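Trainee: The structure under discussion is supplied below as C-alpha coordinates; questions concerning it will follow.
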2 protein chains.
Amino acid sequence: MEYFGGQITKLIEQLSRLPGVGAKTAQRLAFHIISMPEEQTEILSKAIVDAKRNTHYCTKCHTLTDGDLCFICKNPKRDSSTIMVVENPRDMAAYERTQKYKGLYHVLHGAISPMLGIGPSEIKLKELIQRFQNEDIKEVIISTSSTLEGETTAMYISKLLKPIGMKVTRIASGVPVGGDIEYIDEVTLLRALEGRTEI
Amino acid sequence: MEYFGGQITKLIEQLSRLPGVGAKTAQRLAFHIISMPEEQTEILSKAIVDAKRNTHYCTKCHTLTDGDLCFICKNPKRDSSTIMVVENPRDMAAYERTQKYKGLYHVLHGAISPMLGIGPSEIKLKELIQRFQNEDIKEVIISTSSTLEGETTAMYISKLLKPIGMKVTRIASGVPVGGDIEYIDEVTLLRALEGRTEI
(Lines give C-alpha, C1' and ligand atoms only; values in the text may rest on other atoms or scores of the structure.)
Protein backbone atom coordinates (compact mmCIF):
# COMPACT_ATOMS: atom_id res chain seq x y z
CA MET A 1 0.00 0.00 0.00
CA GLU A 2 3.11 2.23 -0.11
CA TYR A 3 1.80 3.90 -3.25
CA PHE A 4 -0.78 5.76 -1.18
CA GLY A 5 1.98 7.26 0.97
CA GLY A 6 3.26 6.75 4.49
CA GLN A 7 0.32 8.24 6.39
CA ILE A 8 -2.25 5.80 5.06
CA THR A 9 0.18 2.89 5.37
CA LYS A 10 0.71 3.77 9.02
CA LEU A 11 -3.01 4.00 9.70
CA ILE A 12 -3.67 0.65 7.99
CA GLU A 13 -0.86 -0.92 10.02
CA GLN A 14 -2.27 0.42 13.30
CA LEU A 15 -5.82 -0.66 12.47
CA SER A 16 -4.73 -4.17 11.51
CA ARG A 17 -3.40 -4.68 15.04
CA LEU A 18 -6.97 -4.63 16.35
CA PRO A 19 -8.58 -8.02 17.02
CA GLY A 20 -10.52 -9.46 14.08
CA VAL A 21 -9.23 -6.78 11.72
CA GLY A 22 -7.27 -8.32 8.85
CA ALA A 23 -5.34 -6.51 6.13
CA LYS A 24 -8.37 -5.96 3.89
CA THR A 25 -10.65 -4.74 6.68
CA ALA A 26 -7.91 -2.38 7.91
CA GLN A 27 -7.63 -0.98 4.40
CA ARG A 28 -11.40 -0.49 4.09
CA LEU A 29 -11.54 1.21 7.51
CA ALA A 30 -8.59 3.46 6.64
CA PHE A 31 -10.19 4.64 3.41
CA HIS A 32 -13.41 5.27 5.28
CA ILE A 33 -11.61 7.27 7.96
CA ILE A 34 -9.94 9.41 5.30
CA SER A 35 -13.31 10.08 3.71
CA MET A 36 -14.85 11.21 7.02
CA PRO A 37 -15.08 14.94 7.87
CA GLU A 38 -11.94 16.06 9.72
CA GLU A 39 -14.03 16.94 12.78
CA GLN A 40 -15.33 13.37 12.91
CA THR A 41 -11.82 11.87 12.80
CA GLU A 42 -10.85 14.09 15.72
CA ILE A 43 -13.85 12.89 17.74
CA LEU A 44 -12.91 9.25 17.06
CA SER A 45 -9.26 9.89 17.84
CA LYS A 46 -10.13 11.66 21.11
CA ALA A 47 -12.59 8.94 22.12
CA ILE A 48 -9.78 6.36 21.88
CA VAL A 49 -7.35 8.30 24.05
CA ASP A 50 -10.03 9.44 26.52
CA ALA A 51 -11.48 5.99 27.01
CA LYS A 52 -8.04 4.54 27.67
CA ARG A 53 -6.97 7.34 30.04
CA ASN A 54 -10.12 7.55 32.09
CA THR A 55 -11.16 3.94 32.37
CA HIS A 56 -10.03 1.70 35.20
CA TYR A 57 -11.39 -1.13 37.29
CA CYS A 58 -14.38 -0.64 39.62
CA THR A 59 -12.99 -0.84 43.15
CA LYS A 60 -15.69 -3.34 44.12
CA CYS A 61 -16.45 -5.67 41.18
CA HIS A 62 -13.43 -4.88 38.95
CA THR A 63 -15.39 -4.26 35.79
CA LEU A 64 -14.36 -1.31 33.64
CA THR A 65 -15.67 2.09 34.65
CA ASP A 66 -14.67 5.73 34.55
CA GLY A 67 -15.90 6.38 38.06
CA ASP A 68 -14.76 5.01 41.40
CA LEU A 69 -17.57 2.44 41.53
CA CYS A 70 -19.34 1.18 38.41
CA PHE A 71 -23.00 1.99 37.77
CA ILE A 72 -24.10 -1.49 38.85
CA CYS A 73 -22.25 -1.49 42.17
CA LYS A 74 -23.55 2.06 42.78
CA ASN A 75 -27.17 1.15 42.04
CA PRO A 76 -29.09 0.66 45.33
CA LYS A 77 -31.81 -1.28 43.48
CA ARG A 78 -29.47 -4.18 42.67
CA ASP A 79 -29.57 -7.23 44.94
CA SER A 80 -26.26 -7.00 46.77
CA SER A 81 -26.63 -10.47 48.32
CA THR A 82 -25.92 -12.21 45.00
CA ILE A 83 -22.65 -12.05 43.09
CA MET A 84 -22.14 -13.44 39.62
CA VAL A 85 -18.54 -14.30 38.82
CA VAL A 86 -17.60 -13.70 35.16
CA GLU A 87 -14.32 -13.85 33.26
CA ASN A 88 -14.46 -10.39 31.67
CA PRO A 89 -16.57 -7.24 31.22
CA ARG A 90 -17.92 -8.54 27.89
CA ASP A 91 -19.53 -11.51 29.65
CA MET A 92 -21.04 -9.13 32.17
CA ALA A 93 -22.44 -7.02 29.31
CA ALA A 94 -24.02 -10.17 27.85
CA TYR A 95 -25.91 -10.85 31.11
CA GLU A 96 -26.95 -7.20 31.38
CA ARG A 97 -28.53 -7.50 27.95
CA THR A 98 -30.91 -10.15 29.34
CA GLN A 99 -32.26 -7.40 31.68
CA LYS A 100 -33.26 -10.12 34.16
CA TYR A 101 -30.26 -10.51 36.42
CA LYS A 102 -30.50 -8.06 39.30
CA GLY A 103 -27.52 -9.04 41.45
CA LEU A 104 -23.96 -7.74 41.41
CA TYR A 105 -20.92 -9.06 39.50
CA HIS A 106 -17.30 -9.93 40.08
CA VAL A 107 -15.02 -9.73 37.07
CA LEU A 108 -12.00 -12.06 37.25
CA HIS A 109 -10.20 -10.67 34.16
CA GLY A 110 -9.22 -14.12 33.02
CA ALA A 111 -9.49 -17.75 34.02
CA ILE A 112 -7.09 -20.24 35.57
CA SER A 113 -5.10 -21.90 32.78
CA PRO A 114 -2.24 -24.27 33.62
CA MET A 115 -1.57 -24.45 29.86
CA LEU A 116 -0.97 -20.69 29.55
CA GLY A 117 0.63 -20.51 32.99
CA ILE A 118 -2.19 -18.42 34.47
CA GLY A 119 -2.58 -19.30 38.14
CA PRO A 120 -5.23 -18.25 40.71
CA SER A 121 -3.11 -15.27 41.77
CA GLU A 122 -3.14 -13.78 38.28
CA ILE A 123 -6.90 -13.25 38.19
CA LYS A 124 -9.08 -11.22 40.60
CA LEU A 125 -9.71 -14.13 42.99
CA LYS A 126 -8.12 -12.62 46.11
CA GLU A 127 -10.35 -9.60 45.50
CA LEU A 128 -13.40 -11.89 45.38
CA ILE A 129 -12.51 -13.46 48.73
CA GLN A 130 -12.01 -9.99 50.24
CA ARG A 131 -15.56 -9.05 49.31
CA PHE A 132 -16.94 -11.62 51.76
CA GLN A 133 -15.47 -9.62 54.63
CA ASN A 134 -17.23 -6.39 53.71
CA GLU A 135 -20.40 -7.48 51.96
CA ASP A 136 -23.37 -9.59 53.03
CA ILE A 137 -23.30 -12.17 50.26
CA LYS A 138 -25.69 -15.11 50.22
CA GLU A 139 -25.07 -16.70 46.82
CA VAL A 140 -22.22 -16.82 44.33
CA ILE A 141 -23.21 -17.75 40.77
CA ILE A 142 -20.20 -18.94 38.81
CA SER A 143 -20.64 -17.91 35.21
CA THR A 144 -17.20 -18.62 33.77
CA SER A 145 -17.11 -20.11 30.24
CA SER A 146 -17.80 -23.75 29.45
CA THR A 147 -14.15 -24.18 28.42
CA LEU A 148 -11.44 -26.17 30.19
CA GLU A 149 -10.16 -22.94 31.77
CA GLY A 150 -13.64 -21.77 32.76
CA GLU A 151 -14.50 -25.13 34.34
CA THR A 152 -11.17 -25.28 36.20
CA THR A 153 -11.79 -21.79 37.56
CA ALA A 154 -15.37 -22.68 38.57
CA MET A 155 -14.13 -25.75 40.41
CA TYR A 156 -11.41 -23.77 42.15
CA ILE A 157 -13.80 -21.08 43.37
CA SER A 158 -16.33 -23.66 44.50
CA LYS A 159 -13.68 -25.47 46.57
CA LEU A 160 -12.65 -22.17 48.13
CA LEU A 161 -16.14 -20.99 49.05
CA LYS A 162 -18.05 -24.13 49.99
CA PRO A 163 -16.01 -24.75 53.19
CA ILE A 164 -17.03 -21.30 54.50
CA GLY A 165 -20.69 -22.28 54.03
CA MET A 166 -21.38 -20.14 50.95
CA LYS A 167 -24.10 -21.14 48.49
CA VAL A 168 -22.23 -21.62 45.21
CA THR A 169 -24.10 -22.28 41.95
CA ARG A 170 -22.97 -22.84 38.38
CA ILE A 171 -24.91 -21.73 35.26
CA ALA A 172 -26.57 -24.55 33.31
CA SER A 173 -24.87 -26.17 30.35
CA GLY A 174 -27.00 -27.53 27.49
CA VAL A 175 -28.45 -27.07 24.04
CA PRO A 176 -28.67 -23.38 23.04
CA VAL A 177 -32.17 -22.06 22.31
CA GLY A 178 -32.84 -22.53 18.59
CA GLY A 179 -30.04 -25.11 18.40
CA ASP A 180 -30.66 -28.06 16.12
CA ILE A 181 -29.85 -31.28 18.02
CA GLU A 182 -28.09 -32.90 15.07
CA TYR A 183 -25.44 -30.16 14.96
CA ILE A 184 -24.71 -30.08 18.69
CA ASP A 185 -21.45 -31.71 19.83
CA GLU A 186 -21.52 -34.84 22.01
CA VAL A 187 -20.15 -33.19 25.15
CA THR A 188 -22.87 -30.54 25.11
CA LEU A 189 -25.55 -33.20 24.51
CA LEU A 190 -24.26 -35.24 27.47
CA ARG A 191 -24.35 -32.08 29.63
CA ALA A 192 -27.88 -31.33 28.46
CA LEU A 193 -28.92 -34.89 29.33
CA GLU A 194 -27.31 -34.79 32.77
CA GLY A 195 -28.90 -31.45 33.52
CA ARG A 196 -32.39 -32.47 32.43
CA THR A 197 -35.32 -31.17 34.47
CA GLU A 198 -38.88 -32.46 34.84
CA ILE A 199 -41.53 -30.70 32.75
CA MET B 1 -23.41 -0.21 27.92
CA GLU B 2 -23.95 2.87 30.16
CA TYR B 3 -22.89 0.82 33.17
CA PHE B 4 -19.28 1.00 31.99
CA GLY B 5 -19.43 4.78 32.06
CA GLY B 6 -19.58 7.52 29.46
CA GLN B 7 -16.05 7.20 28.08
CA ILE B 8 -16.42 3.61 26.93
CA THR B 9 -19.94 4.26 25.67
CA LYS B 10 -18.62 7.15 23.59
CA LEU B 11 -15.80 5.05 22.16
CA ILE B 12 -18.17 2.19 21.30
CA GLU B 13 -20.53 4.67 19.63
CA GLN B 14 -17.72 6.17 17.54
CA LEU B 15 -16.35 2.78 16.52
CA SER B 16 -19.76 1.49 15.50
CA ARG B 17 -20.00 4.29 12.91
CA LEU B 18 -17.22 2.59 10.93
CA PRO B 19 -18.30 0.44 7.98
CA GLY B 20 -18.84 -3.23 8.79
CA VAL B 21 -18.52 -2.60 12.52
CA GLY B 22 -21.71 -3.59 14.34
CA ALA B 23 -22.56 -3.07 18.01
CA LYS B 24 -20.81 -6.26 19.16
CA THR B 25 -17.64 -5.68 17.14
CA ALA B 26 -17.47 -2.08 18.37
CA GLN B 27 -17.71 -3.36 21.94
CA ARG B 28 -14.96 -5.94 21.39
CA LEU B 29 -12.71 -3.32 19.77
CA ALA B 30 -13.37 -0.83 22.59
CA PHE B 31 -12.43 -3.35 25.27
CA HIS B 32 -9.32 -4.22 23.33
CA ILE B 33 -8.35 -0.55 23.00
CA ILE B 34 -8.77 -0.07 26.74
CA SER B 35 -6.52 -3.06 27.40
CA MET B 36 -3.77 -1.70 25.12
CA PRO B 37 -0.79 0.20 26.58
CA GLU B 38 -1.55 3.94 26.74
CA GLU B 39 1.31 4.67 24.34
CA GLN B 40 -0.24 2.35 21.77
CA THR B 41 -3.63 4.09 21.98
CA GLU B 42 -1.89 7.40 21.35
CA ILE B 43 -0.16 6.01 18.25
CA LEU B 44 -3.49 4.74 16.89
CA SER B 45 -5.24 7.99 17.72
CA LYS B 46 -2.51 10.05 16.04
CA ALA B 47 -2.46 7.81 12.96
CA ILE B 48 -6.18 8.53 12.45
CA VAL B 49 -5.84 12.31 12.65
CA ASP B 50 -2.56 12.39 10.68
CA ALA B 51 -3.86 10.23 7.85
CA LYS B 52 -6.96 12.40 7.53
CA ARG B 53 -5.08 15.71 7.70
CA ASN B 54 -2.26 14.83 5.34
CA THR B 55 -4.04 12.79 2.72
CA HIS B 56 -5.62 14.30 -0.35
CA TYR B 57 -6.15 13.44 -4.01
CA CYS B 58 -3.23 13.00 -6.41
CA THR B 59 -3.36 15.99 -8.76
CA LYS B 60 -3.09 13.68 -11.77
CA CYS B 61 -4.99 10.43 -11.12
CA HIS B 62 -7.01 11.50 -8.06
CA THR B 63 -6.11 8.51 -5.91
CA LEU B 64 -5.27 9.15 -2.26
CA THR B 65 -1.75 10.28 -1.46
CA ASP B 66 0.12 12.44 1.04
CA GLY B 67 2.30 13.97 -1.66
CA ASP B 68 1.45 16.17 -4.64
CA LEU B 69 1.54 13.27 -7.09
CA CYS B 70 1.02 9.66 -5.99
CA PHE B 71 3.84 7.13 -6.19
CA ILE B 72 2.39 5.57 -9.33
CA CYS B 73 2.05 8.83 -11.28
CA LYS B 74 5.56 9.80 -10.11
CA ASN B 75 7.11 6.50 -11.20
CA PRO B 76 8.90 6.95 -14.59
CA LYS B 77 8.84 3.18 -15.14
CA ARG B 78 5.07 3.07 -15.45
CA ASP B 79 3.56 3.07 -18.93
CA SER B 80 2.01 6.52 -19.16
CA SER B 81 0.21 5.75 -22.44
CA THR B 82 -2.35 3.51 -20.69
CA ILE B 83 -4.90 4.67 -18.15
CA MET B 84 -7.11 2.34 -16.15
CA VAL B 85 -10.31 3.97 -14.92
CA VAL B 86 -11.45 2.66 -11.50
CA GLU B 87 -14.22 3.70 -9.13
CA ASN B 88 -12.12 4.09 -5.99
CA PRO B 89 -8.60 3.72 -4.52
CA ARG B 90 -9.49 0.24 -3.14
CA ASP B 91 -10.05 -1.05 -6.68
CA MET B 92 -6.73 0.44 -7.70
CA ALA B 93 -5.06 -1.34 -4.75
CA ALA B 94 -6.61 -4.62 -5.95
CA TYR B 95 -4.99 -4.24 -9.39
CA GLU B 96 -1.67 -3.25 -7.83
CA ARG B 97 -1.70 -6.53 -5.89
CA THR B 98 -1.62 -8.43 -9.19
CA GLN B 99 1.80 -6.79 -9.82
CA LYS B 100 1.17 -7.11 -13.55
CA TYR B 101 -0.50 -3.88 -14.55
CA LYS B 102 2.14 -1.30 -15.42
CA GLY B 103 0.04 1.61 -16.68
CA LEU B 104 -1.42 4.56 -14.81
CA TYR B 105 -4.85 4.96 -13.18
CA HIS B 106 -7.71 7.40 -13.01
CA VAL B 107 -9.87 7.25 -9.89
CA LEU B 108 -13.46 8.42 -10.42
CA HIS B 109 -14.47 8.38 -6.72
CA GLY B 110 -17.85 6.90 -7.51
CA ALA B 111 -19.97 5.78 -10.42
CA ILE B 112 -22.90 7.29 -12.26
CA SER B 113 -26.11 6.28 -10.50
CA PRO B 114 -29.45 7.73 -11.58
CA MET B 115 -31.00 5.85 -8.63
CA LEU B 116 -28.83 7.67 -6.08
CA GLY B 117 -28.87 10.89 -8.07
CA ILE B 118 -25.15 10.75 -8.88
CA GLY B 119 -24.57 12.30 -12.29
CA PRO B 120 -21.40 12.49 -14.46
CA SER B 121 -20.43 15.82 -12.89
CA GLU B 122 -20.27 14.34 -9.41
CA ILE B 123 -17.43 11.96 -10.22
CA LYS B 124 -13.94 12.78 -11.57
CA LEU B 125 -14.95 12.55 -15.23
CA LYS B 126 -14.15 16.13 -16.22
CA GLU B 127 -10.68 15.52 -14.75
CA LEU B 128 -10.32 12.40 -16.92
CA ILE B 129 -11.15 14.36 -20.06
CA GLN B 130 -8.65 17.07 -19.08
CA ARG B 131 -5.88 14.48 -18.94
CA PHE B 132 -6.15 13.92 -22.68
CA GLN B 133 -4.98 17.50 -23.26
CA ASN B 134 -1.76 17.11 -21.28
CA GLU B 135 -0.89 13.44 -21.58
CA ASP B 136 -0.13 11.17 -24.51
CA ILE B 137 -2.71 8.46 -23.84
CA LYS B 138 -3.19 5.56 -26.26
CA GLU B 139 -5.60 3.28 -24.38
CA VAL B 140 -8.21 3.69 -21.67
CA ILE B 141 -9.12 0.48 -19.83
CA ILE B 142 -12.47 0.86 -18.08
CA SER B 143 -12.40 -1.17 -14.91
CA THR B 144 -15.53 0.02 -13.14
CA SER B 145 -17.56 -2.65 -11.29
CA SER B 146 -19.87 -5.14 -12.99
CA THR B 147 -22.85 -3.46 -11.33
CA LEU B 148 -25.58 -1.40 -12.93
CA GLU B 149 -23.74 1.78 -11.89
CA GLY B 150 -20.38 0.50 -13.06
CA GLU B 151 -21.76 -0.55 -16.43
CA THR B 152 -23.57 2.76 -16.90
CA THR B 153 -20.35 4.63 -16.15
CA ALA B 154 -18.35 2.42 -18.53
CA MET B 155 -20.88 3.06 -21.30
CA TYR B 156 -20.83 6.82 -20.64
CA ILE B 157 -17.02 7.05 -20.78
CA SER B 158 -16.88 4.91 -23.88
CA LYS B 159 -19.38 7.19 -25.66
CA LEU B 160 -17.32 10.22 -24.66
CA LEU B 161 -13.96 8.88 -25.77
CA LYS B 162 -14.66 6.83 -28.87
CA PRO B 163 -15.64 9.86 -31.02
CA ILE B 164 -12.21 11.40 -30.35
CA GLY B 165 -10.58 8.22 -31.70
CA MET B 166 -9.41 6.82 -28.36
CA LYS B 167 -8.95 3.07 -27.90
CA VAL B 168 -11.37 2.19 -25.10
CA THR B 169 -11.43 -1.32 -23.58
CA ARG B 170 -13.50 -2.94 -20.84
CA ILE B 171 -12.22 -5.64 -18.45
CA ALA B 172 -13.61 -9.13 -19.10
CA SER B 173 -16.65 -10.43 -17.26
CA GLY B 174 -16.90 -14.17 -16.54
CA VAL B 175 -16.52 -17.04 -14.12
CA PRO B 176 -14.04 -16.23 -11.31
CA VAL B 177 -10.97 -18.48 -11.07
CA GLY B 178 -11.81 -21.38 -8.74
CA GLY B 179 -15.53 -20.69 -9.22
CA ASP B 180 -17.77 -23.73 -9.37
CA ILE B 181 -20.07 -23.37 -12.41
CA GLU B 182 -23.14 -24.67 -10.57
CA TYR B 183 -23.02 -21.79 -8.09
CA ILE B 184 -22.49 -19.00 -10.62
CA ASP B 185 -25.50 -16.81 -11.39
CA GLU B 186 -27.09 -16.86 -14.86
CA VAL B 187 -26.05 -13.34 -15.83
CA THR B 188 -22.38 -14.09 -15.16
CA LEU B 189 -22.62 -17.38 -17.07
CA LEU B 190 -24.14 -15.59 -20.07
CA ARG B 191 -21.32 -13.01 -19.94
CA ALA B 192 -18.73 -15.79 -19.72
CA LEU B 193 -20.31 -17.48 -22.75
CA GLU B 194 -20.47 -14.27 -24.76
CA GLY B 195 -16.85 -13.48 -23.93
CA ARG B 196 -15.53 -16.93 -24.82
CA THR B 197 -12.14 -17.11 -26.51
CA GLU B 198 -10.56 -19.82 -28.67
CA ILE B 199 -8.10 -22.14 -26.91
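Order determines the names: the first chain of the C-alpha coordinates is A, the second B, and so forth; residues in each chain are numbered 1 upward, and ligands are numbered 1 upward as they are shown.
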Once you count only C-alpha atoms, which residues of chain B turn out to be within 9 Å of chain A? Could you give them as an MDAnalysis selection string?

Mentor: chainID B and resid 1:12 14:15 18:20 25 27:38 40:56 63:67 70:72 89:90 93 96:97

Trainee: If you run DSSP on the backbone here, which positions in chain A get strand (DSSP E or B)? Please write them as a tab-separated table (two decimals) with N, CA, C and O atoms, in the first residue's frame.

Mentor:
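Dumped to out.tsv:
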```
chain	number	residue	atom	x	y	z
A	56	HIS	N	-10.81	2.58	34.30
A	56	HIS	CA	-10.03	1.70	35.20
A	56	HIS	C	-11.00	0.69	35.79
A	56	HIS	O	-12.18	0.67	35.44
A	57	TYR	N	-10.53	-0.11	36.71
A	57	TYR	CA	-11.39	-1.13	37.29
A	57	TYR	C	-12.24	-0.56	38.43
A	57	TYR	O	-11.75	0.24	39.23
A	64	LEU	N	-14.91	-2.58	34.09
A	64	LEU	CA	-14.36	-1.31	33.64
A	64	LEU	C	-15.34	-0.19	33.93
A	64	LEU	O	-16.55	-0.34	33.76
A	65	THR	N	-14.82	0.94	34.35
A	65	THR	CA	-15.67	2.09	34.65
A	65	THR	C	-14.81	3.36	34.61
A	65	THR	O	-13.59	3.28	34.71
A	79	ASP	N	-29.60	-6.31	43.80
A	79	ASP	CA	-29.57	-7.23	44.94
A	79	ASP	C	-28.13	-7.53	45.32
A	79	ASP	O	-27.45	-8.32	44.67
A	80	SER	N	-27.66	-6.88	46.40
A	80	SER	CA	-26.26	-7.00	46.77
A	80	SER	C	-25.93	-8.31	47.49
A	80	SER	O	-24.79	-8.53	47.89
A	81	SER	N	-26.92	-9.20	47.64
A	81	SER	CA	-26.63	-10.47	48.32
A	81	SER	C	-26.21	-11.55	47.32
A	81	SER	O	-25.82	-12.64	47.70
A	82	THR	N	-26.31	-11.23	46.02
A	82	THR	CA	-25.92	-12.21	45.00
A	82	THR	C	-24.79	-11.66	44.13
A	82	THR	O	-24.86	-10.51	43.67
A	83	ILE	N	-23.76	-12.47	43.93
A	83	ILE	CA	-22.65	-12.05	43.09
A	83	ILE	C	-22.48	-13.05	41.97
A	83	ILE	O	-22.42	-14.25	42.22
A	84	MET	N	-22.42	-12.56	40.74
A	84	MET	CA	-22.14	-13.44	39.62
A	84	MET	C	-20.68	-13.25	39.21
A	84	MET	O	-20.25	-12.14	38.93
A	85	VAL	N	-19.95	-14.35	39.18
A	85	VAL	CA	-18.54	-14.30	38.82
A	85	VAL	C	-18.39	-14.53	37.31
A	85	VAL	O	-18.83	-15.57	36.80
A	86	VAL	N	-17.81	-13.56	36.61
A	86	VAL	CA	-17.60	-13.70	35.16
A	86	VAL	C	-16.12	-13.50	34.83
A	86	VAL	O	-15.37	-12.96	35.64
A	103	GLY	N	-28.58	-9.03	40.44
A	103	GLY	CA	-27.52	-9.04	41.45
A	103	GLY	C	-26.30	-8.24	41.02
A	103	GLY	O	-26.36	-7.46	40.07
A	104	LEU	N	-25.21	-8.41	41.75
A	104	LEU	CA	-23.96	-7.74	41.41
A	104	LEU	C	-23.06	-8.71	40.63
A	104	LEU	O	-23.43	-9.86	40.42
A	105	TYR	N	-21.87	-8.24	40.26
A	105	TYR	CA	-20.92	-9.06	39.50
A	105	TYR	C	-19.57	-9.07	40.20
A	105	TYR	O	-19.30	-8.26	41.09
A	106	HIS	N	-18.72	-9.99	39.73
A	106	HIS	CA	-17.30	-9.93	40.08
A	106	HIS	C	-16.55	-10.35	38.83
A	106	HIS	O	-16.74	-11.47	38.33
A	107	VAL	N	-15.73	-9.45	38.33
A	107	VAL	CA	-15.02	-9.73	37.07
A	107	VAL	C	-13.60	-10.23	37.39
A	107	VAL	O	-12.81	-9.52	38.02
A	113	SER	N	-5.51	-21.08	33.92
A	113	SER	CA	-5.10	-21.90	32.78
A	113	SER	C	-3.68	-22.43	32.98
A	113	SER	O	-2.71	-21.72	32.74
A	118	ILE	N	-1.43	-19.41	33.71
A	118	ILE	CA	-2.19	-18.42	34.47
A	118	ILE	C	-2.72	-19.09	35.74
A	118	ILE	O	-3.58	-19.98	35.66
A	139	GLU	N	-25.28	-15.73	47.90
A	139	GLU	CA	-25.07	-16.70	46.82
A	139	GLU	C	-24.03	-16.21	45.82
A	139	GLU	O	-24.01	-15.02	45.49
A	140	VAL	N	-23.20	-17.13	45.36
A	140	VAL	CA	-22.22	-16.82	44.33
A	140	VAL	C	-22.55	-17.68	43.11
A	140	VAL	O	-22.53	-18.90	43.19
A	141	ILE	N	-22.90	-17.03	42.01
A	141	ILE	CA	-23.21	-17.75	40.77
A	141	ILE	C	-21.97	-17.74	39.90
A	141	ILE	O	-21.51	-16.67	39.49
A	142	ILE	N	-21.42	-18.91	39.63
A	142	ILE	CA	-20.20	-18.94	38.81
A	142	ILE	C	-20.58	-19.05	37.34
A	142	ILE	O	-21.17	-20.02	36.90
A	167	LYS	N	-23.34	-20.46	49.53
A	167	LYS	CA	-24.10	-21.14	48.49
A	167	LYS	C	-23.44	-20.82	47.15
A	167	LYS	O	-23.37	-19.66	46.74
A	168	VAL	N	-22.92	-21.82	46.48
A	168	VAL	CA	-22.23	-21.62	45.21
A	168	VAL	C	-22.99	-22.35	44.10
A	168	VAL	O	-23.24	-23.54	44.22
A	169	THR	N	-23.39	-21.63	43.06
A	169	THR	CA	-24.10	-22.28	41.95
A	169	THR	C	-23.33	-22.07	40.65
A	169	THR	O	-22.49	-21.18	40.54
A	170	ARG	N	-23.64	-22.92	39.68
A	170	ARG	CA	-22.97	-22.84	38.38
A	170	ARG	C	-24.07	-22.72	37.33
A	170	ARG	O	-25.09	-23.42	37.41
```

Trainee: Determine which residues of segment 7-160 of chain A receive a DSSP assignment of alpha helix (DSSP H), computed from the backbone, and state them as a PyMOL selection string.

Mentor: chain A and resi 7-15+23-35+38-54+71-74+89-98+125-134+148-160

Trainee: Could you jot down the atom CA of Ile137 of chain A to atom CA of Gly165 of chain A separation for me, Å, one decimal place?

Mentor: 11.1 Å
